[in-house]
$ cat target-v6.pdb   # PDB, C-alpha atoms
ATOM      1  CA  PRO A 859       0.000   0.000   0.000  1.00  0.00           C
ATOM      2  CA  LEU A 860       2.873   2.385   0.703  1.00  0.00           C
ATOM      3  CA  ASP A 861       4.374   1.930  -2.774  1.00  0.00           C
ATOM      4  CA  ALA A 862       0.998   2.492  -4.405  1.00  0.00           C
ATOM      5  CA  LEU A 863       0.474   5.692  -2.410  1.00  0.00           C
ATOM      6  CA  LEU A 864       3.923   6.977  -3.329  1.00  0.00           C
ATOM      7  CA  GLY A 865       3.203   6.269  -6.995  1.00  0.00           C
ATOM      8  CA  GLN A 866      -0.118   8.125  -6.852  1.00  0.00           C
ATOM      9  CA  LEU A 867       1.534  11.001  -5.050  1.00  0.00           C
ATOM     10  CA  ALA A 868       4.234  11.271  -7.727  1.00  0.00           C
ATOM     11  CA  GLN A 869       1.584  11.253 -10.498  1.00  0.00           C
ATOM     12  CA  GLU A 870      -0.434  13.979  -8.835  1.00  0.00           C
ATOM     13  CA  CYS A 871       2.660  16.123  -8.290  1.00  0.00           C
ATOM     14  CA  ALA A 872       3.543  15.860 -11.977  1.00  0.00           C
ATOM     15  CA  GLY A 873      -0.019  16.491 -13.218  1.00  0.00           C
ATOM     16  CA  ARG A 874      -2.247  19.536 -13.427  1.00  0.00           C
ATOM     17  CA  ALA A 875      -5.678  17.947 -12.956  1.00  0.00           C
ATOM     18  CA  PRO A 876      -8.503  19.906 -11.287  1.00  0.00           C
ATOM     19  CA  GLY A 877      -8.679  19.345  -7.519  1.00  0.00           C
ATOM     20  CA  ARG A 878      -4.976  18.496  -7.473  1.00  0.00           C
ATOM     21  CA  ALA A 879      -4.327  20.198  -4.122  1.00  0.00           C
ATOM     22  CA  LEU A 880      -7.144  18.305  -2.408  1.00  0.00           C
ATOM     23  CA  VAL A 881      -5.972  14.979  -3.796  1.00  0.00           C
ATOM     24  CA  LEU A 882      -2.379  15.729  -2.745  1.00  0.00           C
ATOM     25  CA  ARG A 883      -3.510  16.523   0.804  1.00  0.00           C
ATOM     26  CA  GLY A 884      -5.529  13.320   0.988  1.00  0.00           C
ATOM     27  CA  LEU A 885      -2.688  11.200  -0.355  1.00  0.00           C
ATOM     28  CA  ALA A 886      -0.231  12.837   2.041  1.00  0.00           C
ATOM     29  CA  ALA A 887      -2.551  12.088   4.969  1.00  0.00           C
ATOM     30  CA  ALA A 888      -2.931   8.482   3.834  1.00  0.00           C
ATOM     31  CA  LEU A 889       0.841   8.203   3.465  1.00  0.00           C
ATOM     32  CA  LEU A 890       1.360   9.485   7.024  1.00  0.00           C
ATOM     33  CA  GLY A 891      -1.227   7.031   8.319  1.00  0.00           C
ATOM     34  CA  GLN A 892       0.493   4.100   6.597  1.00  0.00           C
ATOM     35  CA  ALA A 893       3.886   5.224   7.920  1.00  0.00           C
ATOM     36  CA  ALA A 894       2.466   5.403  11.461  1.00  0.00           C
ATOM     37  CA  ARG A 895       1.139   1.862  11.117  1.00  0.00           C
ATOM     38  CA  LEU A 896       4.521   0.621   9.945  1.00  0.00           C
ATOM     39  CA  GLY A 897       6.238   2.406  12.828  1.00  0.00           C
ATOM     40  CA  ALA A 898       3.888   0.827  15.369  1.00  0.00           C
ATOM     41  CA  GLN A 899       4.518  -2.631  13.879  1.00  0.00           C
ATOM     42  CA  ALA A 900       8.298  -2.146  13.885  1.00  0.00           C
ATOM     43  CA  THR A 901       8.471  -1.429  17.623  1.00  0.00           C
ATOM     44  CA  PRO A 902       6.629  -3.904  19.851  1.00  0.00           C
ATOM     45  CA  GLY A 903       4.359  -1.998  22.190  1.00  0.00           C
ATOM     46  CA  GLY A 904       4.837   1.132  20.078  1.00  0.00           C
ATOM     47  CA  ALA A 905       1.743   2.700  21.606  1.00  0.00           C
ATOM     48  CA  ASP A 906       3.429   2.666  25.010  1.00  0.00           C
ATOM     49  CA  LEU A 907       6.588   4.446  23.857  1.00  0.00           C
ATOM     50  CA  ALA A 908       5.035   7.880  23.329  1.00  0.00           C
ATOM     51  CA  PRO A 909       3.697   8.324  26.897  1.00  0.00           C
ATOM     52  CA  SER A 910       6.941   6.960  28.341  1.00  0.00           C
ATOM     53  CA  HIS A 911       8.969   9.344  26.185  1.00  0.00           C
ATOM     54  CA  LEU A 912       6.705  12.237  27.178  1.00  0.00           C
ATOM     55  CA  LEU A 913       7.228  11.449  30.858  1.00  0.00           C
ATOM     56  CA  GLN A 914      11.006  11.352  30.367  1.00  0.00           C
ATOM     57  CA  ARG A 915      10.936  14.720  28.617  1.00  0.00           C
ATOM     58  CA  PHE A 916       8.717  16.123  31.400  1.00  0.00           C
ATOM     59  CA  GLU A 917      11.117  14.894  34.082  1.00  0.00           C
ATOM     60  CA  ALA A 918      14.072  16.433  32.229  1.00  0.00           C
ATOM     61  CA  LEU A 919      12.261  19.780  32.003  1.00  0.00           C
ATOM     62  CA  LEU A 920      11.260  19.478  35.641  1.00  0.00           C
ATOM     63  CA  ASP A 921      14.905  19.171  36.662  1.00  0.00           C
ATOM     64  CA  LEU A 922      15.711  22.303  34.664  1.00  0.00           C
ATOM     65  CA  HIS A 923      12.811  24.534  35.730  1.00  0.00           C
ATOM     66  CA  PHE A 924      11.535  23.460  39.149  1.00  0.00           C
ATOM     67  CA  ARG A 925      13.127  26.509  40.810  1.00  0.00           C
ATOM     68  CA  GLN A 926      11.115  28.826  38.558  1.00  0.00           C
ATOM     69  CA  HIS A 927       7.884  27.298  39.849  1.00  0.00           C
ATOM     70  CA  TRP A 928       6.534  26.412  36.432  1.00  0.00           C
ATOM     71  CA  ARG A 929       2.932  25.257  36.520  1.00  0.00           C
ATOM     72  CA  VAL A 930       1.630  22.163  34.752  1.00  0.00           C
ATOM     73  CA  ALA A 931       0.455  24.416  31.910  1.00  0.00           C
ATOM     74  CA  ASP A 932       4.001  25.766  31.449  1.00  0.00           C
ATOM     75  CA  TYR A 933       5.474  22.270  31.183  1.00  0.00           C
ATOM     76  CA  ALA A 934       2.664  21.163  28.884  1.00  0.00           C
ATOM     77  CA  ARG A 935       3.271  24.154  26.607  1.00  0.00           C
ATOM     78  CA  ALA A 936       6.994  23.360  26.444  1.00  0.00           C
ATOM     79  CA  LEU A 937       6.151  19.740  25.583  1.00  0.00           C
ATOM     80  CA  ALA A 938       3.465  20.698  23.042  1.00  0.00           C
ATOM     81  CA  VAL A 939       0.689  18.789  24.824  1.00  0.00           C
ATOM     82  CA  THR A 940      -2.314  19.826  26.872  1.00  0.00           C
ATOM     83  CA  PRO A 941      -2.045  20.052  30.659  1.00  0.00           C
ATOM     84  CA  THR A 942      -4.742  17.387  30.930  1.00  0.00           C
ATOM     85  CA  HIS A 943      -2.789  14.976  28.730  1.00  0.00           C
ATOM     86  CA  LEU A 944       0.434  15.596  30.645  1.00  0.00           C
ATOM     87  CA  SER A 945      -1.283  14.922  33.965  1.00  0.00           C
ATOM     88  CA  ARG A 946      -2.984  11.814  32.557  1.00  0.00           C
ATOM     89  CA  VAL A 947       0.354  10.400  31.357  1.00  0.00           C
ATOM     90  CA  ALA A 948       2.023  11.236  34.677  1.00  0.00           C
ATOM     91  CA  ARG A 949      -0.809   9.658  36.677  1.00  0.00           C
ATOM     92  CA  THR A 950      -0.768   6.506  34.541  1.00  0.00           C
ATOM     93  CA  ALA A 951       2.988   6.073  34.887  1.00  0.00           C
ATOM     94  CA  THR A 952       3.504   7.159  38.497  1.00  0.00           C
ATOM     95  CA  GLY A 953       0.114   7.208  40.188  1.00  0.00           C
ATOM     96  CA  ALA A 954       0.388  10.961  40.760  1.00  0.00           C
ATOM     97  CA  PRO A 955      -0.656  13.907  38.583  1.00  0.00           C
ATOM     98  CA  ALA A 956       1.952  16.254  37.112  1.00  0.00           C
ATOM     99  CA  SER A 957       1.288  18.884  39.795  1.00  0.00           C
ATOM    100  CA  ARG A 958       2.309  16.445  42.534  1.00  0.00           C
ATOM    101  CA  LEU A 959       5.473  15.517  40.647  1.00  0.00           C
ATOM    102  CA  ILE A 960       6.349  19.220  40.455  1.00  0.00           C
ATOM    103  CA  ASP A 961       5.869  19.637  44.203  1.00  0.00           C
ATOM    104  CA  ALA A 962       7.787  16.422  44.888  1.00  0.00           C
ATOM    105  CA  ARG A 963      10.763  17.688  42.876  1.00  0.00           C
ATOM    106  CA  LEU A 964      10.857  20.917  44.887  1.00  0.00           C
ATOM    107  CA  VAL A 965      10.635  19.015  48.155  1.00  0.00           C
ATOM    108  CA  ARG A 966      13.333  16.551  47.086  1.00  0.00           C
ATOM    109  CA  GLU A 967      15.706  19.483  46.557  1.00  0.00           C
ATOM    110  CA  ALA A 968      14.645  20.992  49.877  1.00  0.00           C
ATOM    111  CA  GLN A 969      15.348  17.680  51.620  1.00  0.00           C
ATOM    112  CA  ARG A 970      18.772  17.561  50.029  1.00  0.00           C
ATOM    113  CA  GLN A 971      19.540  21.079  51.268  1.00  0.00           C
ATOM    114  CA  LEU A 972      18.165  20.339  54.732  1.00  0.00           C
ATOM    115  CA  ALA A 973      20.317  17.229  54.947  1.00  0.00           C
ATOM    116  CA  PHE A 974      23.585  18.524  53.527  1.00  0.00           C
ATOM    117  CA  THR A 975      23.698  22.225  54.423  1.00  0.00           C
ATOM    118  CA  SER A 976      23.222  24.252  57.563  1.00  0.00           C
ATOM    119  CA  LEU A 977      21.043  26.824  55.782  1.00  0.00           C
ATOM    120  CA  GLY A 978      17.947  27.960  57.640  1.00  0.00           C
ATOM    121  CA  VAL A 979      14.500  26.948  56.455  1.00  0.00           C
ATOM    122  CA  ALA A 980      13.713  30.493  55.305  1.00  0.00           C
ATOM    123  CA  THR A 981      16.937  30.633  53.288  1.00  0.00           C
ATOM    124  CA  ILE A 982      16.210  27.281  51.663  1.00  0.00           C
ATOM    125  CA  ALA A 983      12.706  28.484  50.835  1.00  0.00           C
ATOM    126  CA  ASP A 984      14.239  31.554  49.205  1.00  0.00           C
ATOM    127  CA  THR A 985      16.786  29.536  47.178  1.00  0.00           C
ATOM    128  CA  LEU A 986      13.939  27.396  45.889  1.00  0.00           C
ATOM    129  CA  GLY A 987      11.990  30.436  44.709  1.00  0.00           C
ATOM    130  CA  PHE A 988       9.370  30.623  47.440  1.00  0.00           C
ATOM    131  CA  VAL A 989       8.497  34.224  48.308  1.00  0.00           C
ATOM    132  CA  ASP A 990       6.925  33.117  51.583  1.00  0.00           C
ATOM    133  CA  PRO A 991       8.630  30.645  53.958  1.00  0.00           C
ATOM    134  CA  ALA A 992       5.215  29.689  55.352  1.00  0.00           C
ATOM    135  CA  LEU A 993       4.075  28.552  51.886  1.00  0.00           C
ATOM    136  CA  PHE A 994       7.283  26.561  51.548  1.00  0.00           C
ATOM    137  CA  SER A 995       6.618  24.873  54.895  1.00  0.00           C
ATOM    138  CA  ARG A 996       3.035  24.025  53.899  1.00  0.00           C
ATOM    139  CA  VAL A 997       4.134  22.488  50.577  1.00  0.00           C
ATOM    140  CA  PHE A 998       6.988  20.597  52.260  1.00  0.00           C
ATOM    141  CA  THR A 999       4.717  19.260  55.011  1.00  0.00           C
ATOM    142  CA  ARG A1000       2.033  18.185  52.527  1.00  0.00           C
ATOM    143  CA  VAL A1001       4.541  16.260  50.395  1.00  0.00           C
ATOM    144  CA  ALA A1002       6.981  14.948  53.019  1.00  0.00           C
ATOM    145  CA  GLY A1003       4.507  14.400  55.852  1.00  0.00           C
ATOM    146  CA  VAL A1004       6.622  16.397  58.309  1.00  0.00           C
ATOM    147  CA  SER A1005       7.695  20.034  58.576  1.00  0.00           C
ATOM    148  CA  PRO A1006      11.148  21.047  57.301  1.00  0.00           C
ATOM    149  CA  ARG A1007      12.391  21.517  60.885  1.00  0.00           C
ATOM    150  CA  ALA A1008      11.060  18.115  61.948  1.00  0.00           C
ATOM    151  CA  PHE A1009      12.691  16.549  58.868  1.00  0.00           C
ATOM    152  CA  ARG A1010      16.064  18.044  59.842  1.00  0.00           C
ATOM    153  CA  GLN A1011      15.600  16.900  63.468  1.00  0.00           C
ATOM    154  CA  GLN A1012      14.848  13.355  62.299  1.00  0.00           C
ATOM    155  CA  LEU A1013      18.075  13.386  60.289  1.00  0.00           C
ATOM    156  CA  ALA A1014      20.032  14.567  63.338  1.00  0.00           C
ATOM    157  CA  LEU A1015      18.731  11.598  65.369  1.00  0.00           C
ATOM    158  CA  ARG A1016      20.045   9.042  62.915  1.00  0.00           C
TER     159      ARG A1016
END
$ encode --input "target-v6.pdb" --output "structure tokens"
Amino acid sequence: PLDALLGQLAQECAGRAPGRALVLRGLAAALLGQAARLGAQATPGGADLAPSHLLQRFEALLDLHFRQHWRVADYARALAVTPTHLSRVARTATGAPASRLIDARLVREAQRQLAFTSLGVATIADTLGFVDPALFSRVFTRVAGVSPRAFRQQLALR
């Protein structure tokens, strides 16, 4: 079918028949559809690769931009998908929506700083882009289950 489509496409390109543009668009769409089918057959589980690849790209962007407090919509725009689709893919792969993964990345960095520096909680909040230390503490507590101070105290006891 692919060879036949390519042949028809070449004939239409060379000709000057009425409705040529419409036929070329239709043939191009059919050609893309056939190529997609071949691609899905060539890679077993090809349907699963796109969401997995999207999640990897999201995680890479998350590592780059978590300090700027991008929202799900910002990441989705950068990935050329809708926020709903991004959250759906994240939830399917990890069990959590994209917004929770964003918060978790911020808290993971905060935990690292709490564990390996002597910076105060307010300073850590500031380095992570929080304008209000109280907001930082609320986000940290919601994600980690303990306050930043309690987290640091638990580390000191170990």
$ residues_around --input "target-v6.pdb" --residues "stretch 882-885 of chain A" --least-positions-apart "6" --cutoff "9 Å" --atoms "all atoms listed in the file" --output "ChimeraX atom specification"
/A:863-864,866-867,870-871
$ residues_near_point --input "target-v6.pdb" --point "(14.5, 30.3, 58.0)" --cutoff "10 Å" --atoms "all atoms listed in the file" --output "ChimeraX atom specification"
/A:977-984,991-992,1006-1007
$ resolve_selection --input "target-v6.pdb" --expression "the PyMOL selection byres ((chain A and resi 945) around 12)" --output "JSON, numbers by chain"
{"A": [909, 912, 913, 916, 929, 930, 931, 933, 934, 939, 940, 941, 942, 943, 944, 946, 947, 948, 949, 950, 951, 952, 953, 954, 955, 956, 957, 958, 959, 960]}
$ residues_around --input "target-v6.pdb" --residues "A:Leu986" --least-positions-apart "3" --cutoff "9 Å" --atoms "only C-alpha atoms" --output "list in words"
Phe924, Arg925, Gln926, His927, Leu964, Glu967, Ala968, Thr981, Ile982, Ala983 and Phe994 of chain A
$ write_last_selection --input "target-v6.pdb" --atoms "C-alpha atoms" --output "compact mmCIF listing (two decimals), in the coordinates of the input"
# COMPACT_ATOMS: atom_id res chain seq x y z
CA PHE A 924 11.54 23.46 39.15
CA ARG A 925 13.13 26.51 40.81
CA GLN A 926 11.12 28.83 38.56
CA HIS A 927 7.88 27.30 39.85
CA LEU A 964 10.86 20.92 44.89
CA GLU A 967 15.71 19.48 46.56
CA ALA A 968 14.64 20.99 49.88
CA THR A 981 16.94 30.63 53.29
CA ILE A 982 16.21 27.28 51.66
CA ALA A 983 12.71 28.48 50.84
CA PHE A 994 7.28 26.56 51.55
$ atom_distance --input "target-v6.pdb" --atom1 "atom CA of A:Thr999" --atom2 "atom CA of A:Val965"
9.1 Å
$ atom_distance --input "target-v6.pdb" --atom1 "atom CA of A:Leu922" --atom2 "atom CA of A:Arg935"
14.9 Å
$ decode --input "target-v6.pdb" --residues "stretch 997-1013 of chain A" --atoms "N, CA, C and O atoms" --output "short mmCIF file (atom, residue, chain, number, x, y, z; two decimals), in the first residue's frame"
data_model
loop_
_atom_site.label_atom_id
_atom_site.label_comp_id
_atom_site.auth_asym_id
_atom_site.auth_seq_id
_atom_site.Cartn_x
_atom_site.Cartn_y
_atom_site.Cartn_z
N VAL A 997 3.90 23.41 51.70
CA VAL A 997 4.13 22.49 50.58
C VAL A 997 5.01 21.33 51.05
O VAL A 997 4.71 20.16 50.77
N PHE A 998 6.07 21.63 51.77
CA PHE A 998 6.99 20.60 52.26
C PHE A 998 6.24 19.60 53.14
O PHE A 998 6.37 18.39 52.97
N THR A 999 5.45 20.12 54.07
CA THR A 999 4.72 19.26 55.01
C THR A 999 3.71 18.38 54.28
O THR A 999 3.56 17.20 54.59
N ARG A 1000 3.02 18.96 53.28
CA ARG A 1000 2.03 18.18 52.53
C ARG A 1000 2.71 17.04 51.78
O ARG A 1000 2.21 15.91 51.77
N VAL A 1001 3.87 17.28 51.19
CA VAL A 1001 4.54 16.26 50.40
C VAL A 1001 5.32 15.28 51.27
O VAL A 1001 5.24 14.07 51.09
N ALA A 1002 6.09 15.80 52.23
CA ALA A 1002 6.98 14.95 53.02
C ALA A 1002 6.31 14.34 54.25
O ALA A 1002 6.81 13.38 54.82
N GLY A 1003 5.20 14.93 54.68
CA GLY A 1003 4.51 14.40 55.85
C GLY A 1003 5.01 14.96 57.17
O GLY A 1003 4.44 14.67 58.21
N VAL A 1004 6.09 15.72 57.12
CA VAL A 1004 6.62 16.40 58.31
C VAL A 1004 7.09 17.78 57.89
O VAL A 1004 7.35 18.04 56.73
N SER A 1005 7.22 18.68 58.87
CA SER A 1005 7.70 20.03 58.58
C SER A 1005 9.18 19.98 58.24
O SER A 1005 9.87 19.01 58.57
N PRO A 1006 9.71 21.03 57.60
CA PRO A 1006 11.15 21.05 57.30
C PRO A 1006 12.01 20.92 58.56
O PRO A 1006 13.00 20.20 58.57
N ARG A 1007 11.62 21.60 59.63
CA ARG A 1007 12.39 21.52 60.88
C ARG A 1007 12.35 20.09 61.45
O ARG A 1007 13.38 19.57 61.92
N ALA A 1008 11.18 19.49 61.44
CA ALA A 1008 11.06 18.11 61.95
C ALA A 1008 11.87 17.15 61.08
O ALA A 1008 12.50 16.22 61.60
N PHE A 1009 11.89 17.39 59.77
CA PHE A 1009 12.69 16.55 58.87
C PHE A 1009 14.17 16.64 59.25
O PHE A 1009 14.84 15.62 59.36
N ARG A 1010 14.65 17.85 59.47
CA ARG A 1010 16.06 18.04 59.84
C ARG A 1010 16.35 17.40 61.21
O ARG A 1010 17.39 16.79 61.41
N GLN A 1011 15.41 17.51 62.14
CA GLN A 1011 15.60 16.90 63.47
C GLN A 1011 15.66 15.37 63.35
O GLN A 1011 16.45 14.73 64.03
N GLN A 1012 14.82 14.81 62.50
CA GLN A 1012 14.85 13.35 62.30
C GLN A 1012 16.19 12.91 61.75
O GLN A 1012 16.72 11.87 62.14
N LEU A 1013 16.76 13.72 60.85
CA LEU A 1013 18.07 13.39 60.29
C LEU A 1013 19.16 13.44 61.37
O LEU A 1013 20.07 12.61 61.38
#
